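Q: Sharing run16.txt (compact mmCIF, C-alpha atoms and all ligand atoms) below.
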```
# COMPACT_ATOMS: atom_id res chain seq x y z
CA MET A 1 8.98 -2.24 -25.07
CA ILE A 2 5.57 -3.49 -24.10
CA THR A 3 3.67 -1.39 -21.64
CA THR A 4 1.49 -3.40 -19.32
CA ASN A 5 -1.23 -0.85 -18.86
CA THR A 6 -2.33 -0.26 -22.44
CA VAL A 7 -6.07 0.38 -22.65
CA THR A 8 -7.40 -0.73 -25.99
CA GLU A 9 -10.84 0.01 -27.21
CA SER A 10 -12.63 -1.41 -30.19
CA PRO A 11 -13.65 1.35 -32.60
CA LEU A 12 -17.25 0.22 -32.13
CA LEU A 13 -17.43 -1.05 -28.60
CA GLN A 14 -15.69 0.31 -25.53
CA CYS A 15 -14.81 -1.65 -22.41
CA GLN A 16 -18.06 -2.40 -20.54
CA LYS A 17 -16.55 -3.30 -17.18
CA GLU A 18 -18.62 -0.74 -15.30
CA GLN A 19 -21.75 -2.64 -16.36
CA PHE A 20 -20.56 -5.68 -14.37
CA PHE A 21 -19.65 -6.40 -10.76
CA ILE A 22 -16.03 -7.48 -11.23
CA SER A 23 -13.72 -5.76 -8.74
CA ASP A 24 -10.40 -4.30 -9.88
CA ASP A 25 -8.24 -6.90 -8.14
CA ILE A 26 -9.81 -9.72 -10.20
CA THR A 27 -8.54 -10.78 -13.62
CA TYR A 28 -11.50 -12.71 -14.97
CA LEU A 29 -10.62 -14.40 -18.26
CA ASN A 30 -13.07 -17.27 -17.99
CA GLY A 31 -16.29 -16.36 -19.80
CA ALA A 32 -16.20 -19.86 -21.32
CA TYR A 33 -16.80 -21.19 -17.80
CA MET A 34 -19.55 -18.73 -16.88
CA SER A 35 -20.28 -15.11 -17.74
CA PRO A 36 -20.51 -12.62 -14.93
CA SER A 37 -23.91 -10.91 -14.69
CA HIS A 38 -24.52 -7.67 -16.50
CA LYS A 39 -26.20 -5.24 -14.08
CA SER A 40 -29.44 -5.28 -16.08
CA VAL A 41 -29.54 -9.10 -15.93
CA ASP A 42 -28.98 -8.99 -12.20
CA ALA A 43 -31.79 -6.44 -11.76
CA ALA A 44 -34.18 -8.53 -13.87
CA GLY A 45 -33.50 -11.56 -11.67
CA ILE A 46 -34.16 -9.64 -8.47
CA GLN A 47 -37.38 -8.27 -9.90
CA GLY A 48 -38.34 -11.81 -10.91
CA VAL A 49 -37.87 -13.07 -7.33
CA GLN A 50 -40.03 -10.23 -6.07
CA ARG A 51 -42.91 -11.05 -8.41
CA LYS A 52 -43.75 -14.08 -6.31
CA ARG A 53 -44.62 -11.73 -3.44
CA THR A 54 -47.81 -10.77 -5.28
CA PRO A 55 -49.08 -13.76 -7.28
CA TYR A 56 -52.45 -12.03 -7.69
CA GLU A 57 -50.73 -9.61 -10.05
CA LEU A 58 -49.63 -12.38 -12.44
CA SER A 59 -51.82 -12.70 -15.50
CA VAL A 60 -52.04 -15.39 -18.19
CA GLY A 61 -49.98 -13.17 -20.46
CA ASP A 62 -47.11 -13.27 -17.97
CA PHE A 63 -46.73 -16.99 -18.67
CA PHE A 64 -46.29 -16.46 -22.40
CA LYS A 65 -45.19 -12.94 -23.31
CA PRO A 66 -41.67 -12.91 -21.79
CA LEU A 67 -40.98 -16.26 -23.42
CA GLU A 68 -42.18 -14.90 -26.74
CA GLU A 69 -39.86 -11.91 -26.27
CA VAL A 70 -36.92 -14.24 -25.65
CA ARG A 71 -37.69 -16.08 -28.89
CA VAL A 72 -37.75 -12.78 -30.78
CA ALA A 73 -34.58 -11.42 -29.15
CA PHE A 74 -32.65 -14.66 -29.74
CA SER A 75 -33.88 -14.68 -33.33
CA GLU A 76 -32.52 -11.19 -33.82
CA LEU A 77 -29.16 -12.32 -32.46
CA ILE A 78 -28.86 -15.21 -34.94
CA ASN A 79 -30.63 -13.56 -37.87
CA ASN A 80 -33.58 -15.95 -37.74
CA PRO A 81 -36.69 -14.60 -39.48
CA GLU A 82 -38.95 -17.19 -37.79
CA PRO A 83 -39.03 -16.79 -33.98
CA ASN A 84 -41.47 -19.69 -33.68
CA ARG A 85 -38.53 -21.98 -34.48
CA VAL A 86 -37.03 -21.10 -31.09
CA ALA A 87 -37.69 -22.84 -27.77
CA THR A 88 -36.10 -22.37 -24.37
CA ILE A 89 -34.38 -25.39 -22.83
CA PRO A 90 -32.97 -26.10 -19.35
CA SER A 91 -29.64 -27.40 -20.65
CA VAL A 92 -27.76 -28.45 -23.77
CA SER A 93 -28.29 -32.09 -22.86
CA TYR A 94 -32.06 -31.47 -22.91
CA GLY A 95 -31.89 -29.76 -26.31
CA MET A 96 -29.79 -32.60 -27.73
CA ALA A 97 -32.24 -35.13 -26.27
CA ILE A 98 -35.06 -33.44 -28.23
CA VAL A 99 -33.02 -33.77 -31.41
CA ALA A 100 -32.14 -37.42 -30.71
CA ASN A 101 -35.81 -38.17 -30.02
CA ASN A 102 -36.61 -37.18 -33.59
CA VAL A 103 -33.74 -38.61 -35.61
CA GLN A 104 -34.04 -41.78 -37.68
CA ILE A 105 -30.82 -43.74 -37.97
CA GLY A 106 -30.21 -47.37 -38.89
CA LYS A 107 -27.62 -50.10 -38.75
CA GLY A 108 -24.40 -49.26 -40.57
CA GLU A 109 -25.21 -45.55 -40.75
CA ASN A 110 -23.13 -43.09 -38.78
CA ILE A 111 -22.99 -39.94 -36.65
CA VAL A 112 -19.95 -37.67 -37.02
CA LEU A 113 -18.53 -35.89 -33.95
CA ILE A 114 -15.49 -33.72 -33.27
CA GLY A 115 -12.86 -35.11 -30.89
CA GLU A 116 -13.15 -34.21 -27.20
CA GLN A 117 -16.47 -32.50 -27.64
CA PHE A 118 -18.40 -31.43 -24.54
CA PRO A 119 -20.11 -34.52 -23.02
CA SER A 120 -23.67 -33.16 -23.44
CA ASN A 121 -23.03 -33.40 -27.17
CA VAL A 122 -21.52 -36.90 -27.02
CA TYR A 123 -23.37 -39.26 -24.65
CA VAL A 124 -26.71 -38.71 -26.36
CA TRP A 125 -25.24 -39.78 -29.72
CA ARG A 126 -23.46 -42.79 -28.27
CA GLU A 127 -26.78 -43.89 -26.81
CA LEU A 128 -28.67 -43.30 -30.08
CA ALA A 129 -26.00 -45.14 -32.08
CA ALA A 130 -25.92 -48.08 -29.66
CA LYS A 131 -29.71 -48.43 -29.74
CA ASN A 132 -29.81 -48.51 -33.54
CA GLY A 133 -26.61 -50.32 -34.46
CA ALA A 134 -25.15 -47.13 -35.94
CA ASP A 135 -21.52 -46.00 -35.74
CA ILE A 136 -19.90 -42.94 -34.22
CA LEU A 137 -17.10 -41.42 -36.29
CA THR A 138 -14.99 -39.07 -34.18
CA VAL A 139 -12.71 -36.60 -35.92
CA SER A 140 -9.84 -36.03 -33.50
CA ALA A 141 -7.50 -33.03 -33.50
CA PRO A 142 -4.42 -33.58 -35.68
CA ASN A 143 -1.28 -34.16 -33.68
CA THR A 144 0.52 -31.12 -35.05
CA LYS A 145 0.84 -27.43 -34.33
CA GLU A 146 1.39 -26.54 -37.98
CA ASN A 147 -1.94 -25.76 -39.67
CA ARG A 148 -3.75 -27.68 -36.92
CA GLY A 149 -7.13 -25.99 -37.37
CA LYS A 150 -7.00 -26.18 -41.14
CA ILE A 151 -6.16 -29.89 -41.15
CA TRP A 152 -8.83 -30.61 -38.53
CA ASN A 153 -11.44 -28.94 -40.74
CA GLU A 154 -10.25 -30.89 -43.79
CA ARG A 155 -10.43 -34.19 -41.91
CA LEU A 156 -13.94 -33.41 -40.77
CA LEU A 157 -15.14 -32.85 -44.34
CA GLU A 158 -13.40 -36.05 -45.49
CA THR A 159 -15.07 -38.07 -42.71
CA ILE A 160 -18.66 -37.13 -43.59
CA ASN A 161 -19.78 -39.83 -46.03
CA SER A 162 -22.83 -41.27 -47.76
CA LYS A 163 -23.74 -43.23 -44.58
CA THR A 164 -23.67 -40.13 -42.38
CA LYS A 165 -27.09 -39.27 -40.95
CA LEU A 166 -26.06 -36.57 -38.51
CA VAL A 167 -23.12 -34.30 -37.75
CA ALA A 168 -23.16 -32.92 -34.20
CA MET A 169 -20.49 -30.36 -33.48
CA SER A 170 -19.82 -26.79 -32.36
CA HIS A 171 -18.73 -23.61 -34.09
CA VAL A 172 -15.62 -23.34 -31.92
CA HIS A 173 -14.12 -26.10 -29.80
CA TRP A 174 -14.98 -25.57 -26.15
CA ALA A 175 -11.50 -26.46 -24.90
CA ASP A 176 -9.28 -24.36 -27.19
CA GLY A 177 -11.47 -22.23 -29.45
CA THR A 178 -10.59 -24.02 -32.72
CA TRP A 179 -12.96 -22.65 -35.36
CA PHE A 180 -14.92 -24.91 -37.69
CA ASP A 181 -16.18 -23.84 -41.07
CA LEU A 182 -19.88 -24.57 -40.63
CA GLU A 183 -20.85 -23.36 -44.08
CA ALA A 184 -18.50 -25.94 -45.64
CA VAL A 185 -19.85 -28.63 -43.30
CA ARG A 186 -23.41 -27.67 -44.22
CA GLU A 187 -22.60 -28.01 -47.89
CA LYS A 188 -21.15 -31.49 -47.36
CA THR A 189 -24.00 -32.65 -45.10
CA ARG A 190 -26.50 -31.48 -47.68
CA LYS A 191 -24.74 -33.48 -50.38
CA VAL A 192 -24.96 -36.68 -48.33
CA GLY A 193 -28.37 -35.97 -46.80
CA ALA A 194 -27.20 -35.63 -43.18
CA LEU A 195 -28.58 -33.38 -40.45
CA LEU A 196 -26.34 -30.68 -38.99
CA VAL A 197 -26.74 -30.06 -35.25
CA ILE A 198 -24.71 -27.30 -33.65
CA ASP A 199 -23.87 -26.78 -30.00
CA GLY A 200 -23.59 -22.98 -29.97
CA THR A 201 -22.82 -22.70 -26.26
CA GLN A 202 -19.25 -21.48 -26.68
CA SER A 203 -19.85 -19.18 -29.62
CA VAL A 204 -23.36 -17.74 -30.02
CA GLY A 205 -23.43 -14.31 -28.43
CA ALA A 206 -19.72 -13.63 -28.83
CA LEU A 207 -19.12 -14.85 -32.39
CA PRO A 208 -21.57 -13.98 -35.19
CA PHE A 209 -23.89 -16.82 -36.11
CA ASP A 210 -26.22 -16.41 -39.07
CA VAL A 211 -28.97 -19.01 -39.25
CA GLN A 212 -29.82 -18.02 -42.80
CA ALA A 213 -26.23 -18.49 -43.97
CA ILE A 214 -25.51 -21.74 -42.10
CA GLN A 215 -29.02 -23.22 -42.11
CA PRO A 216 -28.44 -25.73 -39.32
CA ASP A 217 -31.11 -28.29 -38.56
CA ALA A 218 -30.76 -27.45 -34.89
CA LEU A 219 -28.77 -24.95 -32.88
CA ILE A 220 -28.59 -25.65 -29.16
CA CYS A 221 -27.12 -23.14 -26.69
CA ALA A 222 -26.64 -23.03 -22.95
CA GLY A 223 -27.50 -19.51 -21.79
CA TYR A 224 -25.03 -18.85 -18.99
CA LYS A 225 -21.84 -18.34 -20.96
CA TRP A 226 -21.73 -16.15 -24.07
CA LEU A 227 -25.46 -15.40 -23.97
CA MET A 228 -24.78 -13.84 -20.55
CA GLY A 229 -27.96 -15.26 -19.08
CA PRO A 230 -28.63 -17.24 -15.89
CA TYR A 231 -27.68 -20.86 -15.23
CA SER A 232 -30.35 -23.50 -16.07
CA LEU A 233 -31.86 -21.72 -19.06
CA GLY A 234 -30.71 -22.06 -22.65
CA VAL A 235 -32.15 -21.55 -26.10
CA ALA A 236 -32.64 -23.83 -29.09
CA TYR A 237 -33.46 -23.23 -32.75
CA PHE A 238 -35.07 -26.06 -34.74
CA GLY A 239 -35.17 -26.20 -38.52
CA GLU A 240 -37.87 -27.73 -40.71
CA ALA A 241 -36.72 -31.30 -40.04
CA PHE A 242 -38.18 -30.90 -36.54
CA ASP A 243 -41.44 -29.19 -37.46
CA ASN A 244 -43.56 -32.22 -36.61
CA GLY A 245 -41.33 -33.81 -34.02
CA LYS A 246 -42.21 -35.37 -30.70
CA PRO A 247 -41.27 -33.56 -27.50
CA ILE A 248 -39.63 -35.39 -24.63
CA GLU A 249 -42.43 -34.60 -22.19
CA GLU A 250 -46.17 -34.32 -22.42
CA SER A 251 -46.92 -31.12 -20.56
CA TRP A 252 -50.05 -28.99 -20.83
CA PHE A 253 -47.82 -26.18 -21.94
CA ASN A 254 -46.68 -27.72 -25.21
CA ARG A 255 -50.20 -28.68 -26.34
CA TYR A 256 -52.14 -26.70 -28.91
CA LYS A 257 -53.86 -23.59 -27.44
CA SER A 258 -52.27 -24.00 -24.03
CA GLU A 259 -52.65 -20.24 -23.63
CA ASP A 260 -56.39 -20.83 -23.12
CA PHE A 261 -56.23 -21.51 -19.37
CA ALA A 262 -59.98 -22.05 -19.14
CA GLY A 263 -59.84 -24.90 -21.67
CA LEU A 264 -56.95 -26.93 -20.30
CA VAL A 265 -59.06 -30.01 -19.63
CA ASN A 266 -60.42 -30.04 -23.16
CA TYR A 267 -57.52 -32.42 -23.71
CA GLU A 268 -55.81 -31.73 -26.97
CA ASP A 269 -53.94 -34.30 -29.09
CA ARG A 270 -52.13 -31.72 -31.14
CA TYR A 271 -48.91 -30.09 -30.02
CA GLN A 272 -48.24 -26.39 -30.21
CA VAL A 273 -47.11 -25.10 -33.58
CA GLY A 274 -43.37 -24.76 -34.24
CA ALA A 275 -40.70 -25.17 -31.61
CA TRP A 276 -43.16 -24.39 -28.80
CA ARG A 277 -43.98 -28.11 -28.82
CA TYR A 278 -40.53 -28.75 -27.34
CA GLN A 279 -40.96 -26.48 -24.31
CA ILE A 280 -40.26 -28.18 -21.00
CA GLY A 281 -42.93 -28.17 -18.29
CA GLU A 282 -43.13 -24.92 -16.28
CA SER A 283 -41.21 -23.08 -18.98
CA SER A 284 -42.48 -19.69 -17.79
CA ASN A 285 -39.79 -19.23 -15.19
CA PHE A 286 -40.49 -15.78 -13.75
CA ILE A 287 -36.89 -15.27 -12.63
CA LEU A 288 -34.75 -16.86 -15.34
CA ILE A 289 -36.71 -15.82 -18.44
CA PRO A 290 -36.53 -12.06 -17.70
CA MET A 291 -32.82 -12.46 -16.93
CA LEU A 292 -32.13 -14.13 -20.26
CA LEU A 293 -34.25 -11.54 -22.03
CA ALA A 294 -32.27 -8.70 -20.45
CA ALA A 295 -29.02 -10.39 -21.51
CA LEU A 296 -30.18 -10.88 -25.10
CA LYS A 297 -31.17 -7.22 -25.31
CA VAL A 298 -27.69 -6.17 -24.23
CA LEU A 299 -26.09 -8.51 -26.78
CA ASN A 300 -28.34 -7.26 -29.56
CA ASP A 301 -27.24 -3.79 -28.68
CA TRP A 302 -23.52 -4.65 -28.61
CA ARG A 303 -23.66 -7.19 -31.49
CA PRO A 304 -21.42 -10.30 -31.53
CA GLU A 305 -19.26 -8.96 -34.37
CA ASN A 306 -18.27 -5.99 -32.20
CA ILE A 307 -17.56 -8.26 -29.23
CA GLN A 308 -15.33 -10.38 -31.46
CA THR A 309 -13.50 -7.29 -32.76
CA TYR A 310 -13.07 -6.01 -29.23
CA CYS A 311 -11.59 -9.33 -28.06
CA LYS A 312 -9.29 -9.50 -31.07
CA GLU A 313 -8.02 -6.03 -30.32
CA ILE A 314 -7.26 -6.60 -26.61
CA THR A 315 -5.62 -9.99 -27.23
CA LYS A 316 -3.45 -9.45 -30.29
CA ARG A 317 -0.42 -7.85 -28.61
CA PRO A 318 -0.38 -10.18 -25.59
CA ILE A 319 -0.71 -13.20 -27.91
CA ALA A 320 2.23 -11.98 -30.01
CA THR A 321 4.31 -11.81 -26.83
CA LEU A 322 3.18 -15.26 -25.71
CA ARG A 323 4.37 -16.66 -29.01
CA GLU A 324 7.75 -14.94 -28.59
CA MET A 325 7.93 -16.65 -25.20
CA GLY A 326 7.54 -20.07 -26.85
CA CYS A 327 3.84 -20.61 -26.20
CA TRP A 328 1.60 -21.87 -29.00
CA VAL A 329 -1.67 -20.25 -30.01
CA GLU A 330 -3.66 -21.21 -33.13
CA ASN A 331 -3.64 -18.77 -36.11
CA THR A 332 -6.46 -16.22 -36.08
CA ASP A 333 -8.02 -17.83 -39.19
CA PHE A 334 -8.79 -21.00 -37.26
CA ARG A 335 -9.72 -19.83 -33.79
CA ALA A 336 -12.02 -17.44 -32.02
CA SER A 337 -10.81 -14.28 -30.29
CA HIS A 338 -13.10 -14.69 -27.27
CA LEU A 339 -11.85 -18.23 -26.54
CA PHE A 340 -8.42 -19.66 -27.27
CA GLY A 341 -5.92 -22.11 -25.89
CA VAL A 342 -2.37 -21.20 -24.96
CA ARG A 343 -0.21 -24.33 -25.14
CA LEU A 344 2.74 -23.99 -22.80
CA PRO A 345 6.29 -25.11 -23.56
CA GLU A 346 7.22 -28.55 -22.16
CA GLY A 347 8.19 -28.85 -18.52
CA VAL A 348 5.97 -26.17 -17.00
CA SER A 349 4.67 -27.20 -13.60
CA ILE A 350 0.91 -26.90 -13.92
CA GLU A 351 0.44 -27.21 -10.17
CA ALA A 352 2.79 -24.30 -9.51
CA LEU A 353 1.14 -22.27 -12.26
CA LYS A 354 -2.28 -22.92 -10.75
CA GLN A 355 -1.00 -21.67 -7.41
CA ARG A 356 0.30 -18.45 -8.96
CA PHE A 357 -3.06 -17.88 -10.66
CA VAL A 358 -4.76 -18.21 -7.29
CA GLU A 359 -2.33 -15.74 -5.70
CA GLU A 360 -2.76 -13.26 -8.53
CA LYS A 361 -6.55 -13.77 -8.71
CA ILE A 362 -6.33 -14.71 -12.37
CA TYR A 363 -9.26 -16.84 -13.52
CA VAL A 364 -8.69 -19.05 -16.58
CA SER A 365 -9.21 -22.77 -17.19
CA LEU A 366 -6.35 -25.25 -17.26
CA ARG A 367 -6.68 -28.20 -19.62
CA GLY A 368 -3.69 -30.56 -19.79
CA ASP A 369 -0.69 -28.45 -20.83
CA ALA A 370 -2.92 -25.67 -22.18
CA VAL A 371 -4.48 -22.62 -20.61
CA ARG A 372 -7.95 -21.75 -21.90
CA VAL A 373 -8.33 -17.99 -22.04
CA SER A 374 -11.77 -16.51 -22.67
CA PRO A 375 -12.10 -12.73 -22.43
CA SER A 376 -15.03 -10.49 -23.16
CA VAL A 377 -15.98 -6.84 -23.16
CA TYR A 378 -15.58 -6.51 -19.38
CA ASN A 379 -11.86 -7.15 -19.89
CA GLU A 380 -9.14 -4.74 -20.89
CA GLU A 381 -5.81 -5.43 -22.51
CA LYS A 382 -4.14 -5.07 -19.12
CA ASP A 383 -5.93 -8.25 -17.95
CA LEU A 384 -4.17 -10.19 -20.71
CA TRP A 385 -0.84 -8.59 -19.77
CA HIS A 386 -1.37 -9.69 -16.21
CA LEU A 387 -1.70 -13.25 -17.47
CA VAL A 388 1.40 -12.87 -19.66
CA GLU A 389 3.47 -11.59 -16.72
CA VAL A 390 2.60 -14.64 -14.62
CA LEU A 391 3.25 -17.06 -17.51
CA LYS A 392 6.66 -15.39 -17.99
CA GLU A 393 7.72 -16.72 -14.59
CA PHE A 394 7.36 -20.26 -15.97
CA VAL A 395 8.79 -20.20 -19.50
C1 LIG B 1 -19.67 -26.66 -25.50
C2 LIG B 1 -20.53 -26.82 -24.29
N1 LIG B 1 -21.75 -27.32 -24.44
C3 LIG B 1 -22.57 -27.48 -23.39
C4 LIG B 1 -22.19 -27.12 -22.12
C5 LIG B 1 -23.15 -27.30 -20.99
O1 LIG B 1 -23.97 -28.41 -21.18
P1 LIG B 1 -25.26 -28.66 -20.27
O2 LIG B 1 -26.15 -27.47 -20.46
O3 LIG B 1 -25.85 -29.91 -20.76
O4 LIG B 1 -24.77 -28.75 -18.86
C6 LIG B 1 -20.89 -26.60 -21.92
C7 LIG B 1 -20.41 -26.26 -20.58
O5 LIG B 1 -19.27 -26.01 -20.33
C8 LIG B 1 -20.06 -26.44 -23.04
O6 LIG B 1 -18.84 -25.92 -22.93
```
As structure tokens, please, write out the structure in this file.
A:
Amino acid sequence: MITTNTVTESPLLQCQKEQFFISDDITYLNGAYMSPSHKSVDAAGIQGVQRKRTPYELSVGDFFKPLEEVRVAFSELINNPEPNRVATIPSVSYGMAIVANNVQIGKGENIVLIGEQFPSNVYVWRELAAKNGADILTVSAPNTKENRGKIWNERLLETINSKTKLVAMSHVHWADGTWFDLEAVREKTRKVGALLVIDGTQSVGALPFDVQAIQPDALICAGYKWLMGPYSLGVAYFGEAFDNGKPIEESWFNRYKSEDFAGLVNYEDRYQVGAWRYQIGESSNFILIPMLLAALKVLNDWRPENIQTYCKEITKRPIATLREMGCWVENTDFRASHLFGVRLPEGVSIEALKQRFVEEKIYVSLRGDAVRVSPSVYNEEKDLWHLVEVLKEFV
């Protein structure tokens, strides 16, 4: 018999709930929507607000050093030996706009996307394709539950062809956690001479990502989900293809030697070296940058592989029970453990289910006939059992 109060701990990482502000009556399984703040991130934000009380204490270094530290900390997280390839961005759409601003594509060539991708990784490509007479090839999910992830991956590789100039996708699908084999995609894109652009928003931080193994041309991440940072600040990595690219805006900050405040009106035609050229105006946000830095330090301490193991451990028994109840969850080989979809048997009233989630203070996302579940290290196995108990009322 299943006990509903099993406390499972990863051999490497224990439950970190006490480091967050989630009260015991809340079952928060929605990190894919937004992470709760770690206490150190919260403290960094408060300190950041307070800095404005004494502007006379801010020095030139304060505009650059924390940003530099973020680049280093993010690089550590993704195994990037070159921190100057990293820039901060306000959103994924901004990061993708930088990429699109520096991609050459012509009539009859194509951009490959995954079906039902997040809009910030779709509209920009539609626009680029429309402007240049290029095509969008969308690889939709196969209409089967048998080997769904495997077939989806195969179709993706088959779709990339000699006319493909860019593949823009994610490591795991934002709606149901389907995992894509980026190393295989990289190999194929290299063969055909296409760029590989990854939206890492729903994976980086919780699922290991190794820049040296995958070698993407760009990796764009929102910061407020699995990077555990604040809203409105993300991080981007740019490969060599973008070394001499053009930024979207012409700010003083992304010009060569911008750190020389006394020389700002010695107008400079050159951009900063590396990804710094892509920094948005007023990048040195004294509240958000320290918050993201604090979050990255925590993640580098925990390590994504341990977070993934922890999530696998607390979800495996509840998922086995869900399957016995007739729900469908992708095989572990083709999905993440921190983000997965539970497809409900036919006939379940989603409205009634939603109401029960409200009553039970269970936070997940509902997408069509599927429940998106996204736990992290502030969860325990009992949170998943709470979800299972409510779903049992419906199947
Ligand atoms: C996969 C993915 N990318 C990007 C975003 C956010 O995009 P933006 O920063 O442009 O709002 C989300 C938000 O849910 C997401 O799930």
Q: Calculated over all atoms listed in the file, which of the candidates A:Leu156, A:Ile78, A:Ala134, A:Val185 has the smallest distance to Gly200 of chain A?
A: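 Closest candidate: A:Ile78.
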Q: Could you jot down the atom CA of Asn153 of chain A to atom CA of Leu166 of chain A separation for me, Å, one decimal place?
A: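 So the answer is 16.6 Å.
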Q: Out of A:Ser91, A:Asn244, A:Thr138, A:Gln308, which residue has the shortest atom-to-atom distance to ligand LIG 1 (chain B) when counting all atoms listed in the file?
A: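 Looking at the shortest contact to ligand LIG 1 (chain B), the residue is A:Ser91.
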Q: In Å, rounded to a single decimal, give me how far atom CA of Asn102 of chain A is from atom CA of Phe242 of chain A.
A: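 Interatomic distance here is 7.1 Å.
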Q: Is it possible to get the axis-aligned box enclosing segment 93-111 of chain A (all listed atoms, 4 Å extra per side) as AutoDock Vina command-line options, with centre and edge lengths in Å rounded to one decimal?
A:
```
--center_x -29.8 --center_y -39.9 --center_z -31.8 --size_x 21.6 --size_y 28.3 --size_z 25.9
```
Q: Under the rule that all atoms listed in the file are counted, which of A:Val41, A:Ala184, A:Val72, A:Ala175 is the nearest residue to ligand LIG 1 (chain B)?
A: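 Under the stated criterion, the closest residue is A:Ala175.
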Q: Measuring atom to atom with all atoms listed in the file, identify which of A:Ile160, A:Met34, A:Ala236, A:Ala141 is nearest to Met96 of chain A.
A: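 The closest residue to Met96 of chain A is A:Ala236.
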Q: Would you mind telling me which residue in A:Ser349, A:Thr315, A:Gln272, A:Asn101 lies nearest to Glu380 of chain A when using all atoms listed in the file?
A: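 Under the stated criterion, the closest residue is A:Thr315.
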Q: In Å, rounded to a single decimal, give me how far atom CA of Lys65 of chain A is from atom CA of Leu264 of chain A.
A: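 Interatomic distance, atom CA of Leu264 of chain A to atom CA of Lys65 of chain A: 18.5 Å.
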Q: Per residue of segment 127-184 of chain A within 9 Å of segment 337-346 of chain A, note the shortest atom pair and the distance in Å to one decimal, counting all atoms listed in the file, and order the rows by chain and increasing residue number, as JSON lines.
A:
```
{"residue": "A:Val172", "atom": "CA", "partner": "A:Leu339", "partner_atom": "CA", "distance": 8.3}
{"residue": "A:His173", "atom": "CA", "partner": "A:Leu339", "partner_atom": "CA", "distance": 8.8}
{"residue": "A:Trp174", "atom": "CA", "partner": "A:Leu339", "partner_atom": "CA", "distance": 8.0}
{"residue": "A:Ala175", "atom": "CA", "partner": "A:Gly341", "partner_atom": "CA", "distance": 7.1}
{"residue": "A:Asp176", "atom": "CA", "partner": "A:Gly341", "partner_atom": "CA", "distance": 4.2}
{"residue": "A:Gly177", "atom": "CA", "partner": "A:Phe340", "partner_atom": "CA", "distance": 4.5}
{"residue": "A:Thr178", "atom": "CA", "partner": "A:Phe340", "partner_atom": "CA", "distance": 7.3}
```
Q: Show me which residues sit within 6 Å of ligand LIG 1 (chain B) when counting all atoms listed in the file, and put them as an MDAnalysis selection string.
A: chainID A and resid 33 91:93 118 120 174 199 201:202 222
Q: Keeping only C-alpha atoms, write the selected residues as an mmCIF file, in the coordinates of the input.
A:
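File produced: again28.cif:
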```cif
data_model
loop_
_atom_site.group_PDB
_atom_site.id
_atom_site.type_symbol
_atom_site.label_atom_id
_atom_site.label_comp_id
_atom_site.auth_asym_id
_atom_site.auth_seq_id
_atom_site.Cartn_x
_atom_site.Cartn_y
_atom_site.Cartn_z
ATOM 1 C CA TYR A 33 -16.800 -21.190 -17.800
ATOM 2 C CA SER A 91 -29.640 -27.400 -20.650
ATOM 3 C CA VAL A 92 -27.760 -28.450 -23.770
ATOM 4 C CA SER A 93 -28.290 -32.090 -22.860
ATOM 5 C CA PHE A 118 -18.400 -31.430 -24.540
ATOM 6 C CA SER A 120 -23.670 -33.160 -23.440
ATOM 7 C CA TRP A 174 -14.980 -25.570 -26.150
ATOM 8 C CA ASP A 199 -23.870 -26.780 -30.000
ATOM 9 C CA THR A 201 -22.820 -22.700 -26.260
ATOM 10 C CA GLN A 202 -19.250 -21.480 -26.680
ATOM 11 C CA ALA A 222 -26.640 -23.030 -22.950
#
```
Q: Counting all atoms listed in the file, which of A:Val329, A:Phe286, A:Val388, A:Val211 gets nearest to Pro55 of chain A?
A: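 Looking only at the distances to Pro55 of chain A, the closest residue turns out to be A:Phe286.
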Q: Please list as a PyMOL selection string every residue within 12 Å of Ala130 of chain A, counting all atoms listed in the file and excluding residues in the same chain fewer than 4 positions away.
A: chain A and resi 105-111+123-126+134-136
Q: If you keep C-alpha atoms, can you produce a file of those selected residues as a PDB file, keeping the file's coordinate frame?
A:
```pdb
ATOM      1  CA  ILE A 105     -30.820 -43.740 -37.970  1.00  0.00           C
ATOM      2  CA  GLY A 106     -30.210 -47.370 -38.890  1.00  0.00           C
ATOM      3  CA  LYS A 107     -27.620 -50.100 -38.750  1.00  0.00           C
ATOM      4  CA  GLY A 108     -24.400 -49.260 -40.570  1.00  0.00           C
ATOM      5  CA  GLU A 109     -25.210 -45.550 -40.750  1.00  0.00           C
ATOM      6  CA  ASN A 110     -23.130 -43.090 -38.780  1.00  0.00           C
ATOM      7  CA  ILE A 111     -22.990 -39.940 -36.650  1.00  0.00           C
ATOM      8  CA  TYR A 123     -23.370 -39.260 -24.650  1.00  0.00           C
ATOM      9  CA  VAL A 124     -26.710 -38.710 -26.360  1.00  0.00           C
ATOM     10  CA  TRP A 125     -25.240 -39.780 -29.720  1.00  0.00           C
ATOM     11  CA  ARG A 126     -23.460 -42.790 -28.270  1.00  0.00           C
ATOM     12  CA  ALA A 134     -25.150 -47.130 -35.940  1.00  0.00           C
ATOM     13  CA  ASP A 135     -21.520 -46.000 -35.740  1.00  0.00           C
ATOM     14  CA  ILE A 136     -19.900 -42.940 -34.220  1.00  0.00           C
TER      15      ILE A 136
END
```
